[in-house]
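Asks: Have a look at the structure that comes next, please.
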2 protein chains.
Amino acid sequence: MTFKKLIPYAAAAAFVSVSAHAMDFAKDEDAVNLRKAHMDLVGTYFGDMGAMIKGKKPFDAAQFQSNADRLAVVTQWSGEGFEGKHLTSDSKAKPEIWENKAEFDKLMKAFSEKAGKLKIASASGVMKDSIPAFKEVADSCGSCHKKFKNK
Amino acid sequence: MTFKKLIPYAAAAAFVSVSAHAMDFAKDEDAVNLRKAHMDLVGTYFGDMGAMIKGKKPFDAAQFQSNADRLAVVTQWSGEGFEGKHLTSDSKAKPEIWENKAEFDKLMKAFSEKAGKLKIASASGVMKDSIPAFKEVADSCGSCHKKFKNK
């Protein structure tokens with residue numbers, strides 16, 4: 001079996017760990033903090049990859065791949081804390097999320113799938129192989145934030 | 001091979017994904033936020049497990065196990081952001097961490113190992129099987145916080 005033929009299997013494997021994980025939050029703040037925690041991790045890993053792509057720090061294939069691996073995990077969790085309409089003055093989430101929940105969920109699912117593709121791309125160890133998938137993740141962040149996040 | 005004989009292998013497998021993941025932080029705040037994000041996730045998963053153990057919510061074996069699985073992942077990351085002495089007014093980390101870094105790292109490693117044991121225990125689907133390992137994780141949190149975290 002060639003590497004190319006393996007890709008669909010690897011892609012499937014990257015997504016199998018998505019499972020229902022229902023939290024209930026005693027306080028709105030707990031849900032907001034969980035969402036912020038997910039986004040802090042996403043920002044840390046994706047930011048570090050971006051710094052390498054933009055030449056702000058040297059490319060380190062192992063670190064780049066480790067970031068991508070973790071991003072693929074954390075993006076599977078990122079929709080959590082949004083099940084109920086939990087809003088605080090500290091949250092940048094727009095109420096429109098809960099008026100368009102199916103669309104929001106679809107964007108979150110696409111986000112996680114694109115991160116899964118980036119994880120697979122990063123496994124080559126060659127930075128340029130990851131750039132298209134990296135851009136797709138960045139676009140995915142942007143399209144959801146534009147619609148559902150206050151500045 | 002019996003289930004009991006499998007446990008050491010499963011335990012080893014739970015820890016293999018620990019790898020060096022060196023971040024550099026432009027601002028102290030970035031490291032502090034990453035540490036807080038890890039602890040928010042730990043608190044979410046461990047808190048949900050605790051609510052079931054304390055009878056505050058019904059035991060749900062799948063959810064309990066999912067919490068334990070994630071805790072085993074996130075606790076492998078929890079020492080990150082502590083490599084350098086990053087402190088802000090918003091951080092509860094004591095400066096003693098960096099005066100006793102080897103001890104701190106050892107406690108963090110033990111924390112992750114105990115979470116790995118809890119993950120394995122939770123796989124039985126029977127709550128009482130997880131209680132000793134749950135308590136060990138709780139003690140692990142407490143012993144590190146007592147020494148290295150401000151109230």
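Just so we're on the same page: first chain in the structure tokens is A, next is B, and so on; residues restart at 1 for each chain, and ligands are numbered from 1 in the order they show up.
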Mind listing as number ranges by chain which residues of chain A are within 9 Å of chain B, counting only C-alpha atoms?

Replies: A: 19-24, 30, 33-34, 36-41, 44-45, 48, 62-63, 66-67

Asks: Leaving out B:Cys144 and any residue of its chain fewer than 6 positions from it, which residues lie within 8 Å of it when counting only C-alpha atoms, given as an NGL selection string?

Replies: :B and (104 or 107-108)

Asks: Counting only C-alpha atoms, which residue out of A:Leu87, A:Ala110, A:Leu118, A:Ala102 sits closest to A:Cys141?

Replies: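 When distances to A:Cys141 are compared using only C-alpha atoms, the smallest one comes from A:Ala110.
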
Asks: Considering only alpha helix (DSSP H) as DSSP defines it on the backbone, what residues of stretch 37-130 of chain A qualify? List them as a ChimeraX atom specification.

Replies: /A:37-53,61-74,96-99,101-122,127-130
